[in-house]
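Shown next: model.txt, containing compact mmCIF, C-alpha atoms.
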```
# COMPACT_ATOMS: atom_id res chain seq x y z
CA MET Y 1 -9.79 10.31 -11.47
CA SER Y 2 -9.65 7.27 -9.22
CA GLU Y 3 -11.51 4.04 -10.02
CA PHE Y 4 -13.08 4.41 -6.57
CA ALA Y 5 -13.67 8.16 -6.24
CA ARG Y 6 -15.41 9.36 -3.10
CA PRO Y 7 -14.71 13.09 -2.81
CA TYR Y 8 -15.15 14.69 0.59
CA ALA Y 9 -15.38 18.49 0.63
CA LEU Y 10 -13.01 19.72 3.33
CA ASP Y 11 -14.68 23.13 3.48
CA ALA Y 12 -17.70 21.35 5.00
CA LEU Y 13 -15.52 20.01 7.83
CA GLY Y 14 -16.07 21.98 11.01
CA ASP Y 15 -14.47 21.70 14.44
CA ARG Y 16 -16.13 18.38 15.30
CA PRO Y 17 -14.84 15.05 14.01
CA VAL Y 18 -16.86 13.47 11.20
CA SER Y 19 -17.29 9.75 10.59
CA ASN Y 20 -17.74 8.39 7.10
CA ALA Y 21 -18.03 4.90 5.62
CA ILE Y 22 -17.64 3.89 1.99
CA GLU Y 23 -17.84 0.66 -0.01
CA ALA Y 24 -16.71 -0.14 -3.53
CA ASP Y 25 -19.25 -1.61 -5.93
CA ALA Y 26 -18.52 -4.58 -8.22
CA ALA Y 27 -17.31 -2.41 -11.14
CA GLU Y 28 -15.00 -0.40 -8.87
CA CYS Y 29 -13.60 -3.63 -7.35
CA ALA Y 30 -12.93 -4.99 -10.86
CA ALA Y 31 -11.18 -1.77 -11.94
CA LEU Y 32 -9.04 -1.74 -8.79
CA ALA Y 33 -8.14 -5.42 -9.27
CA LYS Y 34 -6.86 -4.56 -12.73
CA ARG Y 35 -4.90 -1.58 -11.38
CA PHE Y 36 -3.30 -3.65 -8.58
CA GLY Y 37 -2.59 -6.65 -10.81
CA VAL Y 38 -4.61 -9.14 -8.77
CA LEU Y 39 -7.14 -11.72 -9.94
CA ALA Y 40 -10.11 -10.16 -8.11
CA ILE Y 41 -11.20 -7.91 -5.31
CA GLY Y 42 -14.35 -9.36 -3.77
CA LYS Y 43 -15.01 -6.58 -1.31
CA LEU Y 44 -13.50 -3.27 -0.29
CA GLU Y 45 -14.88 -1.02 2.42
CA ALA Y 46 -13.45 1.67 4.62
CA LYS Y 47 -14.44 3.65 7.69
CA PHE Y 48 -13.00 7.08 8.36
CA LYS Y 49 -12.79 9.56 11.19
CA ILE Y 50 -11.90 12.99 9.82
CA ARG Y 51 -11.10 16.00 11.98
CA ARG Y 52 -9.33 19.31 11.89
CA VAL Y 53 -6.16 19.65 13.98
CA ARG Y 54 -3.36 22.18 14.48
CA ALA Y 55 -5.77 25.09 14.95
CA GLY Y 56 -7.71 24.04 11.86
CA ARG Y 57 -4.71 24.21 9.49
CA ALA Y 58 -4.41 20.42 9.08
CA VAL Y 59 -6.79 17.49 8.70
CA ARG Y 60 -6.22 14.11 10.33
CA VAL Y 61 -7.78 11.10 8.61
CA GLN Y 62 -7.86 7.86 10.61
CA GLY Y 63 -9.64 4.70 9.76
CA THR Y 64 -9.80 1.10 8.77
CA VAL Y 65 -9.89 -0.60 5.40
CA ALA Y 66 -11.24 -4.11 4.98
CA GLY Y 67 -11.99 -6.48 2.15
CA GLU Y 68 -11.12 -9.59 0.22
CA VAL Y 69 -8.57 -10.07 -2.54
CA THR Y 70 -7.76 -13.07 -4.73
CA GLN Y 71 -4.25 -13.32 -6.16
CA ALA Y 72 -2.20 -15.89 -8.03
CA CYS Y 73 0.09 -18.00 -5.85
CA VAL Y 74 3.74 -17.08 -6.47
CA VAL Y 75 4.63 -20.77 -6.73
CA SER Y 76 1.71 -22.58 -8.38
CA LEU Y 77 -0.37 -19.68 -9.80
CA ALA Y 78 -3.40 -21.18 -8.01
CA PRO Y 79 -5.88 -18.59 -6.73
CA VAL Y 80 -5.15 -17.46 -3.15
CA ARG Y 81 -7.82 -15.58 -1.24
CA GLN Y 82 -6.78 -13.12 1.46
CA THR Y 83 -8.88 -11.15 3.92
CA ILE Y 84 -7.59 -7.62 4.42
CA ARG Y 85 -8.05 -5.53 7.55
CA ALA Y 86 -5.74 -2.61 8.22
CA THR Y 87 -5.77 0.63 10.16
CA PHE Y 88 -4.23 3.88 9.00
CA ALA Y 89 -3.73 7.49 10.00
CA THR Y 90 -2.55 10.34 7.80
CA LEU Y 91 -2.14 14.01 8.55
CA TYR Y 92 -2.91 16.34 5.63
CA VAL Y 93 -1.08 19.64 6.03
CA PRO Y 94 -0.59 22.72 3.84
CA GLU Y 95 2.22 22.04 1.37
CA ALA Y 96 4.38 24.72 2.98
CA ASP Y 97 4.20 22.81 6.29
CA LEU Y 98 5.43 19.47 4.91
CA LYS Y 99 8.61 18.16 6.48
CA PRO Y 100 11.58 18.15 4.11
CA ILE Y 101 12.82 14.74 3.06
CA GLU Y 102 16.27 14.01 4.51
CA LEU Y 103 18.66 11.60 2.84
CA ASP Y 104 21.17 9.42 4.64
CA GLU Y 105 24.84 8.95 3.68
CA GLU Y 106 23.93 6.52 0.86
CA GLY Y 107 21.32 8.87 -0.59
CA ALA Y 108 18.30 6.89 0.64
CA VAL Y 109 15.36 8.49 2.41
CA ASN Y 110 16.02 8.62 6.15
CA LEU Y 111 12.68 7.20 7.31
CA ASP Y 112 13.45 7.74 11.01
CA ALA Y 113 13.94 11.46 10.44
CA PHE Y 114 11.07 11.61 7.94
CA LEU Y 115 8.46 9.94 10.15
CA GLY Y 116 9.93 10.04 13.63
CA ASP Y 117 7.23 9.12 16.14
CA GLU Y 118 4.59 10.92 14.10
CA GLU Y 119 2.16 9.78 11.47
CA LEU Y 120 2.62 10.14 7.75
CA GLU Y 121 2.08 13.66 6.41
CA GLU Y 122 0.71 14.50 2.98
CA ALA Y 123 -0.15 17.76 1.29
CA LEU Y 124 -3.70 19.02 1.65
CA PRO Y 125 -5.40 18.86 -1.74
CA ASP Y 126 -6.64 22.05 -3.38
CA GLY Y 127 -10.11 20.55 -3.72
CA PRO Y 128 -11.91 17.73 -1.99
CA LEU Y 129 -10.13 14.86 -0.27
CA ASP Y 130 -10.70 11.59 -2.18
CA LEU Y 131 -11.63 9.06 0.51
CA GLY Y 132 -11.95 6.31 -2.11
CA GLU Y 133 -8.39 6.81 -3.30
CA ILE Y 134 -7.15 6.82 0.31
CA ALA Y 135 -8.98 3.52 0.92
CA ALA Y 136 -7.64 2.03 -2.33
CA GLN Y 137 -4.04 2.93 -1.51
CA GLU Y 138 -4.27 1.61 2.06
CA PHE Y 139 -5.87 -1.60 0.75
CA ALA Y 140 -3.10 -2.04 -1.84
CA VAL Y 141 -0.38 -1.64 0.79
CA ALA Y 142 -2.02 -4.34 2.94
CA ILE Y 143 -2.05 -6.95 0.13
CA ASP Y 144 0.45 -9.77 0.62
CA PRO Y 145 3.12 -9.23 -2.07
CA TYR Y 146 4.00 -12.96 -2.15
CA PRO Y 147 0.80 -14.98 -1.74
CA ARG Y 148 1.25 -18.72 -1.41
CA ALA Y 149 -1.41 -21.39 -1.78
CA GLU Y 150 -1.61 -23.87 1.08
CA GLY Y 151 0.95 -26.61 0.56
CA ALA Y 152 2.65 -24.85 -2.36
CA ALA Y 153 6.39 -25.41 -2.33
CA PHE Y 154 9.00 -24.23 -4.78
CA GLN Y 155 10.53 -27.12 -6.70
CA GLY Y 156 13.45 -25.33 -8.30
CA THR Y 157 16.51 -26.93 -9.84
CA TRP Y 158 18.52 -26.34 -6.68
CA GLY Y 159 15.98 -28.12 -4.42
CA GLU Y 160 15.76 -27.49 -0.72
CA ASP Y 161 19.53 -27.06 -0.31
CA PRO Y 162 20.63 -23.96 -2.27
CA GLY Y 163 24.27 -25.02 -1.83
CA LYS Y 164 23.63 -28.22 -3.79
CA VAL Y 165 23.07 -26.67 -7.21
CA SER Y 166 23.28 -22.92 -7.52
CA PRO Y 167 20.72 -21.09 -9.65
CA PHE Y 168 23.78 -19.42 -11.22
CA ALA Y 169 25.56 -22.68 -12.05
CA ASP Y 170 24.48 -22.43 -15.70
CA LEU Y 171 25.85 -18.89 -15.96
CA LYS Y 172 29.10 -19.92 -14.28
CA ALA Y 173 29.54 -22.80 -16.75
CA LYS Y 174 29.01 -20.47 -19.71
CA LEU Y 175 31.52 -17.95 -18.37
CA GLU Y 176 34.12 -20.68 -17.82
CA LYS Y 177 33.49 -22.00 -21.33
CA ARG Y 178 34.20 -18.51 -22.76
CA LYS Y 179 37.57 -18.44 -20.97
CA ASP Y 180 38.68 -21.60 -22.82
```

Before we go any further, please render this structure as structure tokens.
Amino acid sequence: MSEFARPYALDALGDRPVSNAIEADAAECAALAKRFGVLAIGKLEAKFKIRRVRAGRAVRVQGTVAGEVTQACVVSLAPVRQTIRATFATLYVPEADLKPIELDEEGAVNLDAFLGDEELEEALPDGPLDLGEIAAQEFAVAIDPYPRAEGAAFQGTWGEDPGKVSPFADLKAKLEKRKD
């Protein structure tokens, strides 16, 4: 069960698009902040447009997610506040209709073949669609993975010129010492 569960019964979805809006309360924001490893989530809200497509066999969910997140700066650990606003679209299809995942020569997922010009496809759930979990996942993807406080600069041992002193100089010295 998601920290921000908002089940939407798909059997209630007719031929007309449905709009829906949700907002996380303070306890849900705190639980999601813990899950995402951030200092705080001040606000999280989402708006959805849900409609049946492909002769009713699939469901398209489009929307926006917005909110505020506070993270630790990757350099100074000072709190960094970020405003999130992202759009998304996902097509939920019967599991039998999902595209197979193709791998490239190196064994990695071939994203061009997987997505092409289309939107992301996911399997239709057996029960209700959890709009809260969709919003939480889209919010998490929009969070800056390397937040930096204003004016924060890395002051590492190698300074601004990585060629000056390599971060691996210590390792190199130890390896050379072992050869002696």

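In terms of minimum interatomic distance to Arg51 of chain Y, Y:Pro17 ranks closest within Y:Pro79, Y:Gly107, Y:Pro17, Y:Gly37, counting only C-alpha atoms.
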
Inset, instruction - Would you mind listing what lies within 10 Å of Ala153 of chain Y as number ranges by chain, with all atoms listed in the file counted and same-chain residues fewer than 5 positions away left out? - result: Y: 74-76, 148, 160

Legend entry - Straight-line distance linking atom CA of Ala149 of chain Y with atom CA of Glu28 of chain Y, stated in Å to one decimal: 26.0 Å

Inset, instruction - For Gly127 of chain Y, list every protein, DNA or RNA residue within 10 Å, evaluated using all atoms listed in the file, and leave out those in the same chain fewer than 4 positions away; present the list as a PyMOL selection string. - result: chain Y and resi 7-11

Contacts of segment 50-156 of chain Y with segment 18-24 of chain Y up to 10 Å, shortest pair per row, only C-alpha atoms, as CSV:
```
residue,atom,partner,partner_atom,distance
Y:Ile50,CA,Y:Val18,CA,5.2
Y:Arg51,CA,Y:Val18,CA,6.3
Y:Arg52,CA,Y:Val18,CA,9.6
Y:Val61,CA,Y:Val18,CA,9.7
Y:Gln62,CA,Y:Ser19,CA,9.6
Y:Gly63,CA,Y:Ser19,CA,9.2
Y:Thr64,CA,Y:Ala21,CA,9.6
Y:Val65,CA,Y:Ile22,CA,9.6
Y:Ala66,CA,Y:Glu23,CA,9.6
Y:Gly67,CA,Y:Glu23,CA,9.5
Y:Leu131,CA,Y:Ile22,CA,8.1
Y:Gly132,CA,Y:Ile22,CA,7.4
Y:Ala135,CA,Y:Ile22,CA,8.7
Y:Ala136,CA,Y:Ala24,CA,9.4
```

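Straight-line separation from atom CA of Leu39 of chain Y to atom CA of Ala72 of chain Y: 6.7 Å.
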
Inset, instruction - For atom CA of Lys47 of chain Y and atom CA of Ala27 of chain Y, quote the distance in Å rounded to one decimal. - result: 20.0 Å

Can you pull out the residues contacting segment 144-146 of chain Y? Cut-off 12 Å, using only C-alpha atoms, and skip same-chain residues under 4 positions away; I want them as a PDB file with C-alpha atoms, in the coordinates of the input.
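And here's selection_15.pdb as it stands now:
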```
ATOM      1  CA  PHE Y  36      -3.300  -3.650  -8.580  1.00  0.00           C
ATOM      2  CA  GLY Y  37      -2.590  -6.650 -10.810  1.00  0.00           C
ATOM      3  CA  VAL Y  38      -4.610  -9.140  -8.770  1.00  0.00           C
ATOM      4  CA  GLU Y  68     -11.120  -9.590   0.220  1.00  0.00           C
ATOM      5  CA  VAL Y  69      -8.570 -10.070  -2.540  1.00  0.00           C
ATOM      6  CA  THR Y  70      -7.760 -13.070  -4.730  1.00  0.00           C
ATOM      7  CA  GLN Y  71      -4.250 -13.320  -6.160  1.00  0.00           C
ATOM      8  CA  ALA Y  72      -2.200 -15.890  -8.030  1.00  0.00           C
ATOM      9  CA  CYS Y  73       0.090 -18.000  -5.850  1.00  0.00           C
ATOM     10  CA  VAL Y  74       3.740 -17.080  -6.470  1.00  0.00           C
ATOM     11  CA  VAL Y  75       4.630 -20.770  -6.730  1.00  0.00           C
ATOM     12  CA  SER Y  76       1.710 -22.580  -8.380  1.00  0.00           C
ATOM     13  CA  LEU Y  77      -0.370 -19.680  -9.800  1.00  0.00           C
ATOM     14  CA  VAL Y  80      -5.150 -17.460  -3.150  1.00  0.00           C
ATOM     15  CA  ARG Y  81      -7.820 -15.580  -1.240  1.00  0.00           C
ATOM     16  CA  GLN Y  82      -6.780 -13.120   1.460  1.00  0.00           C
ATOM     17  CA  THR Y  83      -8.880 -11.150   3.920  1.00  0.00           C
ATOM     18  CA  ILE Y  84      -7.590  -7.620   4.420  1.00  0.00           C
ATOM     19  CA  ARG Y  85      -8.050  -5.530   7.550  1.00  0.00           C
ATOM     20  CA  PHE Y 139      -5.870  -1.600   0.750  1.00  0.00           C
ATOM     21  CA  ALA Y 140      -3.100  -2.040  -1.840  1.00  0.00           C
ATOM     22  CA  ALA Y 152       2.650 -24.850  -2.360  1.00  0.00           C
TER      23      ALA Y 152
END
```

Inset, instruction - Excluding Val53 of chain Y and any residue of its chain fewer than 6 positions from it, enumerate the residues within 9 Å of it, using only C-alpha atoms, and give them as a ChimeraX atom specification. - result: /Y:15,59-60,91

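Proximity of Y:Glu122, Y:Gln137, Y:Glu176, Y:Gly42 to Pro100 of chain Y, computed with only C-alpha atoms, is greatest for Y:Glu122.
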